[in-house]
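final_28.csv (CSV, N, CA, C and O atoms and all ligand atoms)
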chain,number,residue,atom,x,y,z
K,1,MET,N,-13.4,4.6,-4.4
K,1,MET,CA,-12.3,4.7,-5.4
K,1,MET,C,-12.1,3.5,-6.2
K,1,MET,O,-11.8,3.5,-7.4
K,2,PHE,N,-12.3,2.3,-5.5
K,2,PHE,CA,-12.1,1.0,-6.2
K,2,PHE,C,-13.4,0.3,-6.3
K,2,PHE,O,-14.2,0.3,-5.4
K,3,ASP,N,-13.6,-0.3,-7.4
K,3,ASP,CA,-14.8,-1.1,-7.6
K,3,ASP,C,-14.8,-2.4,-6.7
K,3,ASP,O,-15.7,-2.8,-6.1
K,4,GLU,N,-13.6,-3.0,-6.7
K,4,GLU,CA,-13.4,-4.1,-5.8
K,4,GLU,C,-12.4,-3.8,-4.8
K,4,GLU,O,-11.5,-3.0,-5.1
K,5,PRO,N,-12.5,-4.3,-3.6
K,5,PRO,CA,-11.5,-4.0,-2.6
K,5,PRO,C,-10.1,-4.4,-3.0
K,5,PRO,O,-10.0,-5.6,-3.5
K,6,PRO,N,-9.1,-3.6,-2.8
K,6,PRO,CA,-7.8,-4.0,-3.2
K,6,PRO,C,-7.3,-5.1,-2.3
K,6,PRO,O,-7.7,-5.2,-1.1
K,7,LYS,N,-6.4,-5.9,-2.8
K,7,LYS,CA,-5.9,-7.0,-2.0
K,7,LYS,C,-4.4,-6.9,-1.9
K,7,LYS,O,-3.7,-6.4,-2.7
K,8,CYS,N,-3.9,-7.4,-0.8
K,8,CYS,CA,-2.4,-7.4,-0.6
K,8,CYS,C,-1.8,-8.4,-1.6
K,8,CYS,O,-2.3,-9.5,-1.8
K,9,GLN,N,-0.8,-7.9,-2.3
K,9,GLN,CA,-0.2,-8.7,-3.3
K,9,GLN,C,0.6,-9.9,-2.7
K,9,GLN,O,1.0,-10.8,-3.4
K,10,VAL,N,0.9,-9.8,-1.4
K,10,VAL,CA,1.7,-10.9,-0.8
K,10,VAL,C,0.8,-12.0,-0.2
K,10,VAL,O,0.9,-13.2,-0.6
K,11,CYS,N,-0.1,-11.6,0.6
K,11,CYS,CA,-0.9,-12.6,1.3
K,11,CYS,C,-2.3,-12.7,0.8
K,11,CYS,O,-3.0,-13.7,1.1
K,12,GLY,N,-2.7,-11.8,-0.1
K,12,GLY,CA,-4.0,-11.9,-0.8
K,12,GLY,C,-5.2,-11.4,0.1
K,12,GLY,O,-6.3,-11.5,-0.3
K,13,ARG,N,-4.9,-10.9,1.3
K,13,ARG,CA,-5.9,-10.5,2.2
K,13,ARG,C,-6.5,-9.2,1.6
K,13,ARG,O,-5.8,-8.3,1.1
K,14,LYS,N,-7.8,-9.0,1.9
K,14,LYS,CA,-8.4,-7.7,1.5
K,14,LYS,C,-7.9,-6.6,2.3
K,14,LYS,O,-7.7,-6.7,3.5
K,15,ILE,N,-7.6,-5.4,1.7
K,15,ILE,CA,-7.2,-4.3,2.4
K,15,ILE,C,-8.4,-3.6,3.0
K,15,ILE,O,-9.4,-3.2,2.2
K,16,GLU,N,-8.4,-3.4,4.2
K,16,GLU,CA,-9.5,-2.7,4.9
K,16,GLU,C,-9.4,-1.2,4.8
K,16,GLU,O,-8.3,-0.6,4.6
K,17,GLY,N,-10.5,-0.5,4.8
K,17,GLY,CA,-10.5,1.0,4.8
K,17,GLY,C,-9.7,1.5,6.0
K,17,GLY,O,-9.9,1.0,7.1
K,18,GLY,N,-8.9,2.5,5.8
K,18,GLY,CA,-8.1,3.1,6.9
K,18,GLY,C,-6.8,2.3,7.2
K,18,GLY,O,-6.1,2.7,8.1
K,19,GLU,N,-6.7,1.1,6.6
K,19,GLU,CA,-5.5,0.3,6.9
K,19,GLU,C,-4.3,0.9,6.3
K,19,GLU,O,-4.3,1.5,5.2
K,20,LEU,N,-3.1,0.7,7.0
K,20,LEU,CA,-1.9,1.2,6.4
K,20,LEU,C,-1.4,0.3,5.4
K,20,LEU,O,-1.3,-0.9,5.6
K,21,VAL,N,-1.0,0.8,4.2
K,21,VAL,CA,-0.5,-0.1,3.1
K,21,VAL,C,0.7,0.5,2.5
K,21,VAL,O,0.9,1.7,2.5
K,22,GLU,N,1.4,-0.4,1.9
K,22,GLU,CA,2.5,0.1,1.0
K,22,GLU,C,2.0,0.0,-0.4
K,22,GLU,O,1.4,-1.0,-0.8
K,23,LEU,N,2.2,1.0,-1.2
K,23,LEU,CA,1.7,1.1,-2.5
K,23,LEU,C,2.8,1.0,-3.5
K,23,LEU,O,3.8,1.8,-3.4
K,24,GLN,N,2.7,0.1,-4.4
K,24,GLN,CA,3.8,0.1,-5.5
K,24,GLN,C,3.1,0.2,-6.8
K,24,GLN,O,2.2,-0.5,-7.2
K,25,MET,N,3.6,1.2,-7.6
K,25,MET,CA,3.1,1.4,-8.9
K,25,MET,C,4.1,2.1,-9.8
K,25,MET,O,5.0,2.8,-9.3
K,26,ARG,N,3.9,1.9,-11.1
K,26,ARG,CA,4.7,2.8,-12.0
K,26,ARG,C,4.0,4.1,-12.1
K,26,ARG,O,2.8,4.2,-12.2
K,27,TYR,N,4.8,5.1,-12.1
K,27,TYR,CA,4.2,6.5,-12.2
K,27,TYR,C,3.7,6.7,-13.6
K,27,TYR,O,4.4,6.4,-14.6
K,28,PRO,N,2.4,7.1,-13.7
K,28,PRO,CA,1.9,7.3,-15.1
K,28,PRO,C,2.7,8.4,-15.9
K,28,PRO,O,3.1,9.3,-15.3
K,29,LYS,N,2.8,8.1,-17.2
K,29,LYS,CA,3.5,9.1,-18.0
K,29,LYS,C,2.6,10.3,-18.3
K,29,LYS,O,3.1,11.4,-18.4
K,30,ARG,N,1.3,10.1,-18.4
K,30,ARG,CA,0.4,11.2,-18.6
K,30,ARG,C,0.0,11.8,-17.3
K,30,ARG,O,-0.1,11.1,-16.3
K,31,LYS,N,-0.4,13.1,-17.3
K,31,LYS,CA,-0.8,13.7,-16.1
K,31,LYS,C,-2.3,13.9,-16.0
K,31,LYS,O,-3.0,13.7,-17.0
K,32,GLY,N,-2.8,14.2,-14.9
K,32,GLY,CA,-4.3,14.4,-14.7
K,32,GLY,C,-4.8,13.4,-13.7
K,32,GLY,O,-4.6,12.3,-13.7
K,33,PHE,N,-5.5,14.0,-12.7
K,33,PHE,CA,-5.9,13.1,-11.6
K,33,PHE,C,-6.9,12.1,-11.9
K,33,PHE,O,-6.8,10.9,-11.5
K,34,ALA,N,-7.8,12.4,-12.8
K,34,ALA,CA,-8.8,11.4,-13.2
K,34,ALA,C,-8.1,10.2,-13.9
K,34,ALA,O,-8.5,9.0,-13.7
K,35,GLU,N,-7.1,10.5,-14.7
K,35,GLU,CA,-6.3,9.4,-15.3
K,35,GLU,C,-5.6,8.6,-14.3
K,35,GLU,O,-5.4,7.4,-14.4
K,36,VAL,N,-5.0,9.3,-13.3
K,36,VAL,CA,-4.3,8.6,-12.2
K,36,VAL,C,-5.2,7.6,-11.5
K,36,VAL,O,-4.8,6.5,-11.2
K,37,LYS,N,-6.4,8.0,-11.2
K,37,LYS,CA,-7.4,7.2,-10.5
K,37,LYS,C,-7.6,5.9,-11.3
K,37,LYS,O,-7.6,4.8,-10.8
K,38,ALA,N,-7.9,6.1,-12.6
K,38,ALA,CA,-8.1,4.9,-13.5
K,38,ALA,C,-6.8,4.0,-13.5
K,38,ALA,O,-6.9,2.8,-13.5
K,39,TYR,N,-5.7,4.7,-13.6
K,39,TYR,CA,-4.4,4.0,-13.6
K,39,TYR,C,-4.1,3.2,-12.4
K,39,TYR,O,-3.7,2.1,-12.5
K,40,LEU,N,-4.5,3.8,-11.2
K,40,LEU,CA,-4.3,3.1,-10.0
K,40,LEU,C,-5.0,1.8,-9.9
K,40,LEU,O,-4.5,0.8,-9.5
K,41,LYS,N,-6.2,1.8,-10.5
K,41,LYS,CA,-7.1,0.6,-10.5
K,41,LYS,C,-6.4,-0.5,-11.3
K,41,LYS,O,-6.5,-1.7,-10.9
K,42,LEU,N,-5.7,-0.1,-12.3
K,42,LEU,CA,-5.0,-1.1,-13.2
K,42,LEU,C,-3.7,-1.5,-12.7
K,42,LEU,O,-3.2,-2.7,-12.8
K,43,GLU,N,-2.9,-0.5,-12.2
K,43,GLU,CA,-1.5,-0.7,-12.0
K,43,GLU,C,-1.1,-0.9,-10.5
K,43,GLU,O,0.0,-1.4,-10.2
K,44,ALA,N,-1.9,-0.4,-9.6
K,44,ALA,CA,-1.5,-0.3,-8.2
K,44,ALA,C,-1.4,-1.7,-7.6
K,44,ALA,O,-2.2,-2.5,-7.8
K,45,LYS,N,-0.3,-1.9,-6.9
K,45,LYS,CA,-0.1,-3.1,-6.1
K,45,LYS,C,0.1,-2.8,-4.7
K,45,LYS,O,1.0,-2.0,-4.3
K,46,PHE,N,-0.8,-3.3,-3.8
K,46,PHE,CA,-0.7,-3.0,-2.4
K,46,PHE,C,-0.1,-4.1,-1.6
K,46,PHE,O,-0.2,-5.3,-2.0
K,47,THR,N,0.7,-3.7,-0.6
K,47,THR,CA,1.2,-4.7,0.3
K,47,THR,C,0.7,-4.3,1.7
K,47,THR,O,0.8,-3.1,2.1
K,48,CYS,N,0.0,-5.2,2.4
K,48,CYS,CA,-0.5,-4.8,3.7
K,48,CYS,C,0.6,-4.5,4.7
K,48,CYS,O,1.7,-4.9,4.5
K,49,ASP,N,0.2,-3.9,5.8
K,49,ASP,CA,1.2,-3.4,6.7
K,49,ASP,C,2.0,-4.6,7.3
K,49,ASP,O,3.3,-4.5,7.4
K,50,ALA,N,1.4,-5.7,7.6
K,50,ALA,CA,2.0,-6.8,8.2
K,50,ALA,C,3.1,-7.4,7.2
K,50,ALA,O,4.2,-7.7,7.6
K,51,CYS,N,2.7,-7.5,6.0
K,51,CYS,CA,3.6,-8.1,5.0
K,51,CYS,C,4.8,-7.1,4.7
K,51,CYS,O,5.9,-7.6,4.5
K,52,SER,N,4.5,-5.8,4.6
K,52,SER,CA,5.5,-4.9,4.3
K,52,SER,C,6.6,-4.9,5.5
K,52,SER,O,7.7,-4.6,5.3
K,53,LYS,N,6.1,-5.1,6.7
K,53,LYS,CA,7.0,-5.2,7.8
K,53,LYS,C,7.8,-6.4,7.8
K,53,LYS,O,9.0,-6.4,8.2
K,54,SER,N,7.2,-7.5,7.5
K,54,SER,CA,7.9,-8.8,7.5
K,54,SER,C,8.9,-8.9,6.4
K,54,SER,O,9.9,-9.7,6.5
K,55,LYS,N,8.8,-8.1,5.4
K,55,LYS,CA,9.8,-8.1,4.3
K,55,LYS,C,11.1,-7.5,4.8
K,55,LYS,O,12.2,-7.8,4.3
K,56,LYS,N,11.0,-6.5,5.7
K,56,LYS,CA,12.2,-5.7,6.1
K,56,LYS,C,13.0,-6.3,7.2
K,56,LYS,O,12.5,-7.2,7.9
Z,1,ZN,ZN,-0.3,-9.0,3.3
Translate this file's structure into structure tokens.
Amino acid sequence: MFDEPPKCQVCGRKIEGGELVELQMRYPKRKGFAEVKAYLKLEAKFTCDACSKSKK
């Protein structure tokens, strides 16, 4: 799904496959799954499980 592995926006660690993450993104205005995929690559910000827990 991603050309480069996504990174945690807090600690910069690479997100591993199957890892639990918190995803933050603006919801796209236009619809369509293909567009959402492209949109995710540009807009999605991940927070790894450890960082999302330490925030709370
Ligand atoms: Zn993190």
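When all atoms listed in the file are used to compute distances to ligand ZN 1 (chain Z), the closest of the residues K:Arg26, K:Ala38, K:Lys53, K:Thr47 turns out to be K:Thr47.
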At a cut-off of 4.5 Å, can you tabulate as JSON lines every residue of chain K near ligand ZN 1 (chain Z) together with its closest atom pair and the distance in Å to one decimal, using only N, CA, C and O atoms and all ligand atoms and ordering rows by chain then number?
{"residue": "K:Cys11", "atom": "N", "partner": "Z:ZN1", "partner_atom": "ZN", "distance": 3.8}
{"residue": "K:Cys48", "atom": "N", "partner": "Z:ZN1", "partner_atom": "ZN", "distance": 3.9}
{"residue": "K:Cys51", "atom": "N", "partner": "Z:ZN1", "partner_atom": "ZN", "distance": 4.3}
Got time to write the residues from that selection, N, CA, C and O atoms, as a PDB file, keeping the file's coordinate frame?
ATOM      1  N   CYS K  11      -0.100 -11.600   0.600  1.00  0.00           N
ATOM      2  CA  CYS K  11      -0.900 -12.600   1.300  1.00  0.00           C
ATOM      3  C   CYS K  11      -2.300 -12.700   0.800  1.00  0.00           C
ATOM      4  O   CYS K  11      -3.000 -13.700   1.100  1.00  0.00           O
ATOM      5  N   CYS K  48       0.000  -5.200   2.400  1.00  0.00           N
ATOM      6  CA  CYS K  48      -0.500  -4.800   3.700  1.00  0.00           C
ATOM      7  C   CYS K  48       0.600  -4.500   4.700  1.00  0.00           C
ATOM      8  O   CYS K  48       1.700  -4.900   4.500  1.00  0.00           O
ATOM      9  N   CYS K  51       2.700  -7.500   6.000  1.00  0.00           N
ATOM     10  CA  CYS K  51       3.600  -8.100   5.000  1.00  0.00           C
ATOM     11  C   CYS K  51       4.800  -7.100   4.700  1.00  0.00           C
ATOM     12  O   CYS K  51       5.900  -7.600   4.500  1.00  0.00           O
TER      13      CYS K  51
END
Have a look at K:Ala34, K:Glu43, K:Asp49, K:Ser54 and name the one nearest to K:Gly18; count only C-alpha atoms.
K:Asp49
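Here atom CA of K:Glu16 is placed at a distance of 22.6 Å from atom C of K:Glu35.
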10 Å contact set for K:Lys45, only C-alpha atoms, chain neighbours under 2 positions out, as a PyMOL selection string:
chain K and resi 6-10+21-26+40-43+47-48
Could you jot down the atom N of K:Gly32 to atom N of K:Ile15 separation for me, Å, one decimal place?
26.1 Å
Completion of stretch 4-15 of chain K up to all heavy atoms, as a CSV table (one decimal), in the coordinates of the input:
chain,number,residue,atom,x,y,z
K,4,GLU,N,-13.6,-3.0,-6.7
K,4,GLU,CA,-13.4,-4.1,-5.8
K,4,GLU,C,-12.4,-3.8,-4.8
K,4,GLU,O,-11.5,-3.0,-5.1
K,4,GLU,CB,-12.8,-5.3,-6.6
K,4,GLU,CG,-13.9,-5.9,-7.5
K,4,GLU,CD,-13.3,-7.0,-8.4
K,4,GLU,OE1,-12.3,-7.6,-8.0
K,4,GLU,OE2,-13.8,-7.3,-9.5
K,5,PRO,N,-12.5,-4.3,-3.6
K,5,PRO,CA,-11.5,-4.0,-2.6
K,5,PRO,C,-10.1,-4.4,-3.0
K,5,PRO,O,-10.0,-5.6,-3.5
K,5,PRO,CB,-12.0,-4.7,-1.3
K,5,PRO,CG,-13.1,-5.6,-1.8
K,5,PRO,CD,-13.5,-5.2,-3.1
K,6,PRO,N,-9.1,-3.6,-2.8
K,6,PRO,CA,-7.8,-4.0,-3.2
K,6,PRO,C,-7.3,-5.1,-2.3
K,6,PRO,O,-7.7,-5.2,-1.1
K,6,PRO,CB,-7.0,-2.7,-3.1
K,6,PRO,CG,-7.7,-1.9,-2.1
K,6,PRO,CD,-9.2,-2.2,-2.3
K,7,LYS,N,-6.4,-5.9,-2.8
K,7,LYS,CA,-5.9,-7.0,-2.0
K,7,LYS,C,-4.4,-6.9,-1.9
K,7,LYS,O,-3.7,-6.4,-2.7
K,7,LYS,CB,-6.2,-8.4,-2.7
K,7,LYS,CG,-7.6,-8.8,-2.5
K,7,LYS,CD,-7.9,-10.1,-3.2
K,7,LYS,CE,-9.4,-10.4,-3.1
K,7,LYS,NZ,-9.7,-11.6,-4.0
K,8,CYS,N,-3.9,-7.4,-0.8
K,8,CYS,CA,-2.4,-7.4,-0.6
K,8,CYS,C,-1.8,-8.4,-1.6
K,8,CYS,O,-2.3,-9.5,-1.8
K,8,CYS,CB,-2.1,-7.9,0.9
K,8,CYS,SG,-0.4,-8.3,1.1
K,9,GLN,N,-0.8,-7.9,-2.3
K,9,GLN,CA,-0.2,-8.7,-3.3
K,9,GLN,C,0.6,-9.9,-2.7
K,9,GLN,O,1.0,-10.8,-3.4
K,9,GLN,CB,0.7,-7.9,-4.2
K,9,GLN,CG,1.9,-7.2,-3.4
K,9,GLN,CD,2.9,-6.5,-4.3
K,9,GLN,OE1,3.0,-6.8,-5.5
K,9,GLN,NE2,3.6,-5.5,-3.8
K,10,VAL,N,0.9,-9.8,-1.4
K,10,VAL,CA,1.7,-10.9,-0.8
K,10,VAL,C,0.8,-12.0,-0.2
K,10,VAL,O,0.9,-13.2,-0.6
K,10,VAL,CB,2.7,-10.3,0.3
K,10,VAL,CG1,3.5,-11.4,0.9
K,10,VAL,CG2,3.6,-9.3,-0.3
K,11,CYS,N,-0.1,-11.6,0.6
K,11,CYS,CA,-0.9,-12.6,1.3
K,11,CYS,C,-2.3,-12.7,0.8
K,11,CYS,O,-3.0,-13.7,1.1
K,11,CYS,CB,-1.0,-12.3,2.8
K,11,CYS,SG,-1.9,-10.8,3.3
K,12,GLY,N,-2.7,-11.8,-0.1
K,12,GLY,CA,-4.0,-11.9,-0.8
K,12,GLY,C,-5.2,-11.4,0.1
K,12,GLY,O,-6.3,-11.5,-0.3
K,13,ARG,N,-4.9,-10.9,1.3
K,13,ARG,CA,-5.9,-10.5,2.2
K,13,ARG,C,-6.5,-9.2,1.6
K,13,ARG,O,-5.8,-8.3,1.1
K,13,ARG,CB,-5.3,-10.3,3.5
K,13,ARG,CG,-6.3,-10.2,4.7
K,13,ARG,CD,-5.5,-10.3,6.0
K,13,ARG,NE,-4.5,-9.2,6.2
K,13,ARG,CZ,-4.7,-8.0,6.5
K,13,ARG,NH1,-6.0,-7.6,6.7
K,13,ARG,NH2,-3.8,-7.1,6.6
K,14,LYS,N,-7.8,-9.0,1.9
K,14,LYS,CA,-8.4,-7.7,1.5
K,14,LYS,C,-7.9,-6.6,2.3
K,14,LYS,O,-7.7,-6.7,3.5
K,14,LYS,CB,-9.9,-7.8,1.7
K,14,LYS,CG,-10.7,-8.3,0.4
K,14,LYS,CD,-12.1,-8.1,0.6
K,14,LYS,CE,-12.9,-9.4,0.2
K,14,LYS,NZ,-14.3,-9.3,0.7
K,15,ILE,N,-7.6,-5.4,1.7
K,15,ILE,CA,-7.2,-4.3,2.4
K,15,ILE,C,-8.4,-3.6,3.0
K,15,ILE,O,-9.4,-3.2,2.2
K,15,ILE,CB,-6.4,-3.3,1.4
K,15,ILE,CG1,-5.3,-4.0,0.7
K,15,ILE,CG2,-6.0,-2.1,2.2
K,15,ILE,CD1,-4.1,-4.4,1.6
